[in-house]
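Quick notes on the structure that follows.
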Amino acid sequence: MTEVTAPDEVALRAKLAELTQEHRDLDTAIHALIGTHDMLQLTRLKKRKLQLKDQIAKIQNQLLPDIIA
């Protein structure tokens, strides 16, 4: 993996903040739907939340690469 440059880091951190906020918003929406009978919407929101979690982890790994000791 290549080193992240300063402008790239700024962009990645902005994207990370955006994805993290969307993840929180989905969590709120999911909790609001629990107890309703809209299982299709609930499933879609949970799937999107998992996709966001994967994207967040990928960006975090780019910002904090593993250090081989």
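Residue numbers start at 1 in each chain; chains themselves are named A, B, ... in the order of the structure tokens; ligands are numbered from 1 in the order shown.
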
### Query
Which neighbours of Thr28 of chain A fall inside 12 Å, counting only C-alpha atoms, when residues of the same chain fewer than 6 positions from it are skipped, and could you give them as a VMD selection string?
chain A and resid 21 to 22 34 42 45 to 46 49

Selected residues, C-alpha atoms, written as a CSV table (one decimal), in the first residue's frame, please.
```
chain,number,residue,atom,x,y,z
A,21,GLN,CA,-22.4,10.3,10.5
A,22,GLU,CA,-24.4,8.4,8.0
A,34,ILE,CA,-37.9,-1.8,15.2
A,42,LEU,CA,-35.3,-2.5,8.0
A,45,LEU,CA,-31.1,-0.1,6.3
A,46,LYS,CA,-29.1,-2.8,8.0
A,49,LYS,CA,-25.1,0.1,7.6
```

### Task
Give me, please, the distance in Å between atom CA of Ala6 of chain A and atom CA of Asn61 of chain A, quoted to one decimal.
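For atom CA of Ala6 of chain A relative to atom CA of Asn61 of chain A, the distance reads 15.6 Å.
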
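Residues within 12 Å of Gln51 of chain A, counting only C-alpha atoms and excluding same-chain residues fewer than 6 positions away, are Leu19, Thr20, Glu22, His23, Leu26, Arg44, Leu45, Ala57 and Lys58 of chain A.
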
### Task
Check the smallest atom-to-atom distance from each of A:Ile59, A:Asp38, A:His31, A:Leu50 to Val10 of chain A using only C-alpha atoms, then report the winner.
A:Ile59

### Message
If DSSP is run on the backbone, what residues of chain A are alpha helix (DSSP H)? A reply as a PyMOL selection string would be ideal.
### Response
chain A and resi 6-33+39-63

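Excluding Arg13 of chain A and any residue on its chain fewer than 4 positions from it, the residues at most 10 Å away by only C-alpha atoms are Pro7, Asp8, Glu9, Ala17, Glu18, Leu19, Ile59, Gln60 and Leu63 of chain A.
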
### Query
Which is closer to Lys15 of chain A than all the others in A:Gln41, A:Gln55, A:Ile30, A:Arg48, using only C-alpha atoms?
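Checking each of A:Gln41, A:Gln55, A:Ile30, A:Arg48 against Lys15 of chain A, counting only C-alpha atoms, the winner is A:Gln55.
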
#### Entry: Distance of atom CA of Thr5 of chain A from atom CA of Leu64 of chain A, expressed in Å to one decimal place
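Value for the atom CA of Leu64 of chain A-atom CA of Thr5 of chain A distance: 12.6 Å.
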
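Atom CA of Arg24 of chain A sits 24.6 Å away from atom CA of Pro65 of chain A.
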